[in-house]
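Structure file entry.tsv (TSV, N, CA and C atoms) is printed below.
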```tsv
chain	number	residue	atom	x	y	z
A	1	MET	N	15.40	14.92	-55.16
A	1	MET	CA	16.24	14.90	-53.98
A	1	MET	C	15.47	15.41	-52.76
A	2	LYS	N	14.68	16.48	-52.94
A	2	LYS	CA	13.91	17.03	-51.83
A	2	LYS	C	12.89	16.01	-51.34
A	3	THR	N	12.30	15.26	-52.26
A	3	THR	CA	11.30	14.26	-51.89
A	3	THR	C	11.95	13.14	-51.07
A	4	LEU	N	13.14	12.72	-51.47
A	4	LEU	CA	13.86	11.68	-50.75
A	4	LEU	C	14.22	12.17	-49.35
A	5	LEU	N	14.70	13.39	-49.22
A	5	LEU	CA	15.06	13.95	-47.93
A	5	LEU	C	13.83	14.08	-47.03
A	6	ALA	N	12.72	14.55	-47.58
A	6	ALA	CA	11.48	14.69	-46.81
A	6	ALA	C	10.99	13.32	-46.35
A	7	THR	N	11.09	12.31	-47.19
A	7	THR	CA	10.68	10.96	-46.83
A	7	THR	C	11.56	10.41	-45.71
A	8	LEU	N	12.88	10.61	-45.81
A	8	LEU	CA	13.79	10.14	-44.77
A	8	LEU	C	13.53	10.84	-43.43
A	9	VAL	N	13.26	12.14	-43.48
A	9	VAL	CA	12.95	12.89	-42.25
A	9	VAL	C	11.65	12.37	-41.64
A	10	ALA	N	10.64	12.12	-42.47
A	10	ALA	CA	9.36	11.61	-41.97
A	10	ALA	C	9.53	10.23	-41.35
A	11	ILE	N	10.31	9.36	-41.97
A	11	ILE	CA	10.57	8.03	-41.43
A	11	ILE	C	11.32	8.14	-40.10
A	12	ALA	N	12.31	9.01	-40.05
A	12	ALA	CA	13.08	9.19	-38.82
A	12	ALA	C	12.18	9.69	-37.69
A	13	MET	N	11.26	10.61	-38.01
A	13	MET	CA	10.34	11.13	-37.00
A	13	MET	C	9.40	10.04	-36.50
A	14	LEU	N	8.92	9.20	-37.41
A	14	LEU	CA	8.04	8.11	-37.00
A	14	LEU	C	8.77	7.10	-36.11
A	15	ILE	N	9.99	6.77	-36.49
A	15	ILE	CA	10.79	5.85	-35.68
A	15	ILE	C	11.01	6.44	-34.30
A	16	PHE	N	11.34	7.71	-34.24
A	16	PHE	CA	11.58	8.37	-32.96
A	16	PHE	C	10.30	8.39	-32.12
A	17	ALA	N	9.18	8.72	-32.72
A	17	ALA	CA	7.91	8.82	-32.00
A	17	ALA	C	7.49	7.48	-31.43
A	18	PHE	N	7.66	6.40	-32.18
A	18	PHE	CA	7.22	5.09	-31.70
A	18	PHE	C	8.24	4.42	-30.79
A	19	SER	N	9.48	4.90	-30.77
A	19	SER	CA	10.48	4.28	-29.92
A	19	SER	C	10.60	4.96	-28.57
A	20	CYS	N	10.01	6.12	-28.41
A	20	CYS	CA	10.06	6.82	-27.12
A	20	CYS	C	9.16	6.10	-26.13
A	21	LYS	N	9.67	5.95	-24.92
A	21	LYS	CA	8.87	5.31	-23.87
A	21	LYS	C	7.79	6.30	-23.42
A	22	LYS	N	6.58	5.82	-23.39
A	22	LYS	CA	5.50	6.66	-22.92
A	22	LYS	C	5.54	6.69	-21.40
A	23	SER	N	5.15	7.82	-20.81
A	23	SER	CA	5.12	7.91	-19.36
A	23	SER	C	3.98	7.03	-18.83
A	24	ASP	N	4.23	6.46	-17.69
A	24	ASP	CA	3.23	5.59	-17.06
A	24	ASP	C	2.36	6.44	-16.15
A	25	ASP	N	1.16	6.76	-16.60
A	25	ASP	CA	0.27	7.61	-15.82
A	25	ASP	C	-0.54	6.83	-14.80
A	26	LYS	N	-0.38	5.52	-14.76
A	26	LYS	CA	-1.14	4.71	-13.82
A	26	LYS	C	-0.59	4.90	-12.42
A	27	SER	N	-1.48	5.02	-11.46
A	27	SER	CA	-1.04	5.05	-10.08
A	27	SER	C	-1.02	3.62	-9.57
A	28	PHE	N	-0.41	3.42	-8.43
A	28	PHE	CA	-0.33	2.11	-7.80
A	28	PHE	C	-1.75	1.62	-7.54
A	29	ALA	N	-2.03	0.38	-7.87
A	29	ALA	CA	-3.40	-0.15	-7.79
A	29	ALA	C	-4.00	-0.06	-6.40
A	30	TYR	N	-3.16	0.00	-5.36
A	30	TYR	CA	-3.68	-0.03	-4.00
A	30	TYR	C	-3.50	1.29	-3.25
A	31	SER	N	-3.05	2.33	-3.93
A	31	SER	CA	-2.81	3.60	-3.24
A	31	SER	C	-4.13	4.22	-2.79
A	32	GLY	N	-4.03	5.00	-1.72
A	32	GLY	CA	-5.20	5.69	-1.19
A	32	GLY	C	-5.25	5.62	0.32
A	33	HIS	N	-6.37	6.07	0.86
A	33	HIS	CA	-6.57	6.08	2.31
A	33	HIS	C	-7.44	4.87	2.68
A	34	TRP	N	-7.00	4.13	3.67
A	34	TRP	CA	-7.67	2.91	4.11
A	34	TRP	C	-8.03	3.03	5.59
A	35	THR	N	-9.16	2.47	5.98
A	35	THR	CA	-9.57	2.44	7.38
A	35	THR	C	-10.16	1.08	7.70
A	36	GLY	N	-10.10	0.71	8.99
A	36	GLY	CA	-10.68	-0.56	9.36
A	36	GLY	C	-10.62	-0.81	10.85
A	37	THR	N	-10.86	-2.06	11.20
A	37	THR	CA	-10.86	-2.49	12.59
A	37	THR	C	-9.99	-3.73	12.74
A	38	TYR	N	-9.60	-3.97	13.98
A	38	TYR	CA	-8.91	-5.22	14.30
A	38	TYR	C	-9.56	-5.81	15.55
A	39	THR	N	-9.55	-7.13	15.62
A	39	THR	CA	-10.15	-7.83	16.75
A	39	THR	C	-9.24	-8.99	17.16
A	40	GLY	N	-9.55	-9.58	18.28
A	40	GLY	CA	-8.77	-10.70	18.80
A	40	GLY	C	-8.56	-10.50	20.27
A	41	THR	N	-7.32	-10.71	20.73
A	41	THR	CA	-7.02	-10.50	22.14
A	41	THR	C	-7.02	-9.01	22.50
A	42	ASP	N	-7.06	-8.15	21.51
A	42	ASP	CA	-7.28	-6.72	21.66
A	42	ASP	C	-8.15	-6.31	20.48
A	43	ALA	N	-8.80	-5.19	20.58
A	43	ALA	CA	-9.64	-4.71	19.48
A	43	ALA	C	-9.50	-3.21	19.37
A	44	GLY	N	-9.69	-2.71	18.16
A	44	GLY	CA	-9.59	-1.27	17.94
A	44	GLY	C	-9.78	-0.92	16.49
A	45	THR	N	-9.32	0.27	16.15
A	45	THR	CA	-9.44	0.77	14.79
A	45	THR	C	-8.06	1.09	14.23
A	46	TRP	N	-7.99	1.17	12.92
A	46	TRP	CA	-6.74	1.55	12.26
A	46	TRP	C	-7.06	2.38	11.02
A	47	GLN	N	-6.09	3.16	10.61
A	47	GLN	CA	-6.18	3.93	9.37
A	47	GLN	C	-4.78	4.02	8.79
A	48	ALA	N	-4.70	4.04	7.47
A	48	ALA	CA	-3.39	4.10	6.83
A	48	ALA	C	-3.51	4.68	5.43
A	49	ASP	N	-2.40	5.20	4.97
A	49	ASP	CA	-2.28	5.65	3.60
A	49	ASP	C	-1.28	4.76	2.89
A	50	ILE	N	-1.62	4.38	1.67
A	50	ILE	CA	-0.70	3.63	0.82
A	50	ILE	C	-0.33	4.54	-0.33
A	51	THR	N	0.96	4.76	-0.50
A	51	THR	CA	1.44	5.66	-1.55
A	51	THR	C	1.67	4.91	-2.85
A	52	ASP	N	1.92	5.66	-3.92
A	52	ASP	CA	2.14	5.06	-5.23
A	52	ASP	C	3.38	4.19	-5.29
A	53	ASP	N	4.30	4.36	-4.34
A	53	ASP	CA	5.48	3.50	-4.32
A	53	ASP	C	5.33	2.32	-3.35
A	54	GLY	N	4.09	2.09	-2.86
A	54	GLY	CA	3.82	0.92	-2.05
A	54	GLY	C	4.11	1.06	-0.57
A	55	LYS	N	4.35	2.27	-0.09
A	55	LYS	CA	4.60	2.46	1.34
A	55	LYS	C	3.27	2.52	2.09
A	56	PHE	N	3.21	1.82	3.20
A	56	PHE	CA	2.03	1.72	4.06
A	56	PHE	C	2.38	2.45	5.35
A	57	THR	N	1.66	3.54	5.65
A	57	THR	CA	1.93	4.34	6.84
A	57	THR	C	0.63	4.73	7.50
A	58	GLY	N	0.49	4.44	8.79
A	58	GLY	CA	-0.75	4.79	9.46
A	58	GLY	C	-0.65	4.67	10.95
A	59	THR	N	-1.83	4.62	11.59
A	59	THR	CA	-1.91	4.47	13.04
A	59	THR	C	-3.03	3.50	13.38
A	60	ALA	N	-2.92	2.96	14.57
A	60	ALA	CA	-3.98	2.12	15.13
A	60	ALA	C	-4.21	2.56	16.57
A	61	ALA	N	-5.41	2.33	17.05
A	61	ALA	CA	-5.74	2.68	18.44
A	61	ALA	C	-6.59	1.58	19.04
A	62	SER	N	-6.17	1.14	20.22
A	62	SER	CA	-6.91	0.11	20.94
A	62	SER	C	-8.18	0.71	21.54
A	63	ASN	N	-9.24	-0.07	21.59
A	63	ASN	CA	-10.46	0.38	22.27
A	63	ASN	C	-10.20	0.63	23.75
A	64	LEU	N	-9.18	-0.03	24.32
A	64	LEU	CA	-8.85	0.15	25.73
A	64	LEU	C	-8.15	1.48	26.00
A	65	ALA	N	-7.47	2.02	25.00
A	65	ALA	CA	-6.75	3.29	25.16
A	65	ALA	C	-6.80	4.07	23.84
A	66	PRO	N	-7.98	4.53	23.43
A	66	PRO	CA	-8.12	5.16	22.12
A	66	PRO	C	-7.36	6.48	21.96
A	67	THR	N	-6.97	7.11	23.04
A	67	THR	CA	-6.24	8.38	22.93
A	67	THR	C	-4.74	8.18	22.80
A	68	TYR	N	-4.29	6.92	22.72
A	68	TYR	CA	-2.87	6.62	22.57
A	68	TYR	C	-2.62	5.79	21.31
A	69	PRO	N	-2.76	6.39	20.15
A	69	PRO	CA	-2.54	5.63	18.91
A	69	PRO	C	-1.06	5.26	18.74
A	70	PHE	N	-0.82	4.20	18.01
A	70	PHE	CA	0.54	3.78	17.72
A	70	PHE	C	0.73	3.68	16.22
A	71	ALA	N	1.97	3.88	15.79
A	71	ALA	CA	2.30	3.95	14.36
A	71	ALA	C	2.41	2.55	13.75
A	72	ILE	N	1.95	2.45	12.51
A	72	ILE	CA	2.09	1.24	11.71
A	72	ILE	C	2.84	1.63	10.44
A	73	THR	N	3.88	0.91	10.10
A	73	THR	CA	4.62	1.18	8.86
A	73	THR	C	4.94	-0.13	8.16
A	74	GLY	N	4.99	-0.07	6.85
A	74	GLY	CA	5.34	-1.27	6.09
A	74	GLY	C	5.25	-1.03	4.60
A	75	THR	N	5.02	-2.12	3.88
A	75	THR	CA	4.97	-2.06	2.42
A	75	THR	C	3.82	-2.89	1.88
A	76	VAL	N	3.45	-2.56	0.66
A	76	VAL	CA	2.44	-3.32	-0.08
A	76	VAL	C	3.08	-3.72	-1.40
A	77	SER	N	3.01	-5.00	-1.73
A	77	SER	CA	3.60	-5.49	-2.98
A	77	SER	C	2.68	-5.20	-4.16
A	78	ASP	N	3.19	-5.42	-5.35
A	78	ASP	CA	2.38	-5.24	-6.57
A	78	ASP	C	1.18	-6.18	-6.61
A	79	SER	N	1.27	-7.30	-5.88
A	79	SER	CA	0.16	-8.26	-5.84
A	79	SER	C	-0.81	-7.97	-4.69
A	80	GLY	N	-0.54	-6.90	-3.91
A	80	GLY	CA	-1.44	-6.52	-2.83
A	80	GLY	C	-1.14	-7.12	-1.48
A	81	HIS	N	0.00	-7.77	-1.34
A	81	HIS	CA	0.38	-8.36	-0.05
A	81	HIS	C	0.92	-7.27	0.87
A	82	ILE	N	0.36	-7.17	2.07
A	82	ILE	CA	0.78	-6.18	3.06
A	82	ILE	C	1.68	-6.83	4.09
A	83	GLU	N	2.80	-6.18	4.36
A	83	GLU	CA	3.69	-6.57	5.46
A	83	GLU	C	4.01	-5.30	6.22
A	84	ALA	N	3.54	-5.20	7.46
A	84	ALA	CA	3.77	-4.00	8.25
A	84	ALA	C	4.04	-4.41	9.70
A	85	THR	N	4.61	-3.48	10.44
A	85	THR	CA	4.85	-3.69	11.86
A	85	THR	C	4.39	-2.47	12.63
A	86	TYR	N	4.10	-2.69	13.88
A	86	TYR	CA	3.83	-1.57	14.77
A	86	TYR	C	4.49	-1.86	16.10
A	87	SER	N	4.75	-0.79	16.83
A	87	SER	CA	5.45	-0.93	18.09
A	87	SER	C	4.77	-0.07	19.14
A	88	LEU	N	4.61	-0.62	20.32
A	88	LEU	CA	4.01	0.10	21.43
A	88	LEU	C	4.70	-0.33	22.71
A	89	SER	N	5.29	0.61	23.39
A	89	SER	CA	5.99	0.34	24.66
A	89	SER	C	7.02	-0.78	24.51
A	90	GLY	N	7.75	-0.76	23.41
A	90	GLY	CA	8.81	-1.73	23.20
A	90	GLY	C	8.35	-3.09	22.69
A	91	ILE	N	7.07	-3.27	22.50
A	91	ILE	CA	6.54	-4.53	21.98
A	91	ILE	C	6.28	-4.34	20.49
A	92	THR	N	6.83	-5.21	19.67
A	92	THR	CA	6.63	-5.13	18.23
A	92	THR	C	5.66	-6.21	17.79
A	93	ALA	N	4.79	-5.84	16.89
A	93	ALA	CA	3.82	-6.80	16.37
A	93	ALA	C	3.78	-6.71	14.85
A	94	SER	N	3.31	-7.78	14.23
A	94	SER	CA	3.22	-7.81	12.77
A	94	SER	C	1.77	-7.63	12.33
A	95	PHE	N	1.63	-7.11	11.16
A	95	PHE	CA	0.34	-6.79	10.55
A	95	PHE	C	0.47	-7.30	9.11
A	96	MET	N	-0.06	-8.48	8.82
A	96	MET	CA	0.10	-9.11	7.52
A	96	MET	C	-1.25	-9.33	6.87
A	97	GLY	N	-1.31	-9.24	5.55
A	97	GLY	CA	-2.59	-9.48	4.90
A	97	GLY	C	-2.56	-9.29	3.41
A	98	GLN	N	-3.74	-9.18	2.85
A	98	GLN	CA	-3.90	-9.10	1.40
A	98	GLN	C	-4.98	-8.09	1.04
A	99	ILE	N	-4.71	-7.32	-0.01
A	99	ILE	CA	-5.70	-6.40	-0.56
A	99	ILE	C	-6.29	-7.05	-1.80
A	100	THR	N	-7.60	-7.00	-1.88
A	100	THR	CA	-8.32	-7.45	-3.07
A	100	THR	C	-9.32	-6.36	-3.42
A	101	GLY	N	-9.06	-5.67	-4.53
A	101	GLY	CA	-9.93	-4.56	-4.91
A	101	GLY	C	-9.87	-3.45	-3.88
A	102	ASN	N	-11.02	-3.10	-3.31
A	102	ASN	CA	-11.09	-2.05	-2.30
A	102	ASN	C	-11.21	-2.60	-0.88
A	103	ASN	N	-10.92	-3.89	-0.71
A	103	ASN	CA	-11.01	-4.54	0.60
A	103	ASN	C	-9.67	-5.13	0.98
A	104	ALA	N	-9.39	-5.10	2.27
A	104	ALA	CA	-8.15	-5.67	2.78
A	104	ALA	C	-8.45	-6.45	4.05
A	105	SER	N	-7.68	-7.52	4.29
A	105	SER	CA	-7.86	-8.29	5.51
A	105	SER	C	-6.61	-9.09	5.78
A	106	GLY	N	-6.49	-9.53	7.02
A	106	GLY	CA	-5.33	-10.32	7.38
A	106	GLY	C	-5.29	-10.62	8.85
A	107	THR	N	-4.08	-10.86	9.35
A	107	THR	CA	-3.88	-11.19	10.75
A	107	THR	C	-2.88	-10.23	11.38
A	108	TRP	N	-2.95	-10.12	12.68
A	108	TRP	CA	-1.96	-9.36	13.43
A	108	TRP	C	-1.51	-10.24	14.60
A	109	ALA	N	-0.27	-10.05	15.04
A	109	ALA	CA	0.24	-10.86	16.14
A	109	ALA	C	1.41	-10.16	16.81
A	110	ALA	N	1.42	-10.26	18.13
A	110	ALA	CA	2.58	-9.86	18.93
A	110	ALA	C	3.05	-11.15	19.60
A	111	ASP	N	3.95	-11.85	18.94
A	111	ASP	CA	4.36	-13.17	19.39
A	111	ASP	C	4.95	-13.17	20.80
A	112	SER	N	5.65	-12.10	21.16
A	112	SER	CA	6.27	-12.07	22.48
A	112	SER	C	5.23	-12.05	23.60
A	113	LEU	N	4.01	-11.63	23.29
A	113	LEU	CA	2.93	-11.61	24.28
A	113	LEU	C	1.90	-12.70	24.05
A	114	SER	N	2.08	-13.48	23.00
A	114	SER	CA	1.11	-14.51	22.61
A	114	SER	C	-0.29	-13.94	22.42
A	115	VAL	N	-0.35	-12.79	21.74
A	115	VAL	CA	-1.63	-12.16	21.42
A	115	VAL	C	-1.72	-11.96	19.92
A	116	GLY	N	-2.94	-11.83	19.44
A	116	GLY	CA	-3.15	-11.60	18.02
A	116	GLY	C	-4.60	-11.68	17.66
A	117	GLY	N	-4.85	-11.64	16.38
A	117	GLY	CA	-6.22	-11.71	15.89
A	117	GLY	C	-6.27	-11.41	14.42
A	118	THR	N	-7.39	-10.87	14.00
A	118	THR	CA	-7.60	-10.55	12.59
A	118	THR	C	-7.90	-9.07	12.43
A	119	TRP	N	-7.76	-8.59	11.22
A	119	TRP	CA	-8.08	-7.21	10.91
A	119	TRP	C	-8.74	-7.17	9.53
A	120	SER	N	-9.47	-6.10	9.27
A	120	SER	CA	-10.06	-5.89	7.95
A	120	SER	C	-10.23	-4.40	7.74
A	121	GLY	N	-10.37	-4.02	6.49
A	121	GLY	CA	-10.55	-2.61	6.17
A	121	GLY	C	-10.96	-2.40	4.74
A	122	VAL	N	-11.24	-1.13	4.43
A	122	VAL	CA	-11.67	-0.74	3.09
A	122	VAL	C	-10.96	0.54	2.67
A	123	ARG	N	-10.85	0.71	1.36
A	123	ARG	CA	-10.29	1.96	0.81
A	123	ARG	C	-11.41	3.00	0.84
A	124	LYS	N	-11.09	4.18	1.32
A	124	LYS	CA	-12.06	5.28	1.37
A	124	LYS	C	-11.94	6.16	0.14
```

Would it be possible to restate this file's structure as structure tokens?
Amino acid sequence: MKTLLATLVAIAMLIFAFSCKKSDDKSFAYSGHWTGTYTGTDAGTWQADITDDGKFTGTAASNLAPTYPFAITGTVSDSGHIEATYSLSGITASFMGQITGNNASGTWAADSLSVGGTWSGVRK
């Protein structure tokens, strides 16, 4: 009887151990600190942090007014697609692109002003 009880307890423990969900220790593939440049009808630099939940938060500064940075906020999908916006003096612009490995690139545009260009960056 003791052997049967010990066997049942061992089986129950094995079932419990293998049925428990393991914690996911992986961080978001694109998280970290990113920096880069943008060019086009305006040019400057940008920097941003991407968190483990895919939030994209940073600043950009035009070469014409480097002491007046503006905020960029948005999201990054599991496939590395970036969708962000920034606003300066009531003008909103989009910042769209793709991350591949430690490199990112895309386009930016402020449609209301008919301005835009490209941007690129790297994870630091």

Of the listed residues A:Asp111, A:Asp42, A:Asp78, A:Asp49, that which approaches A:Thr92 most closely, counting all atoms listed in the file: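 Residue with the minimum atom-to-atom distance to A:Thr92: A:Asp111.
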
d(atom C of A:Gln47, atom N of A:Met96) in Å: 13.4 Å

Distance of atom CA of A:Ala48 from atom CA of A:Ser62, expressed in Å to one decimal place: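 That distance, rounded to one decimal, is 15.1 Å.
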
One-decimal distance in Å that lies between atom CA of A:Ile50 and atom N of A:Ser31: 5.5 Å

Selection: 9 Å around stretch 112-114 of chain A, only C-alpha atoms, excl. self and same-chain fewer than 2 positions, as a list in words: Ile91, Thr92, Ala93, Ala109, Ala110 and Gly116 of chain A

Selection as an NGL selection string: residues within 8 Å of (3.4, -5.2, 3.4), counting all atoms listed in the file: :A and (54-56 or 73-77 or 80-85 or 95-97)

Selected residue of minimal separation from A:Thr45 among A:Gly90, A:Gly106, A:Pro66, A:Gly117, counting only C-alpha atoms: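 Result for the nearest residue to A:Thr45: A:Pro66.
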
Residue among A:Ser79, A:Asn102, A:Ser120, A:Thr67 lying closest to A:His33, counting only C-alpha atoms: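 Using only C-alpha atoms, A:His33 sits closest to A:Asn102.
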
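Closest approach to A:Phe28 from the set A:Thr51, A:Ser89, A:Asn63, A:Ser105 is made by A:Thr51, with distances taken over all atoms listed in the file.
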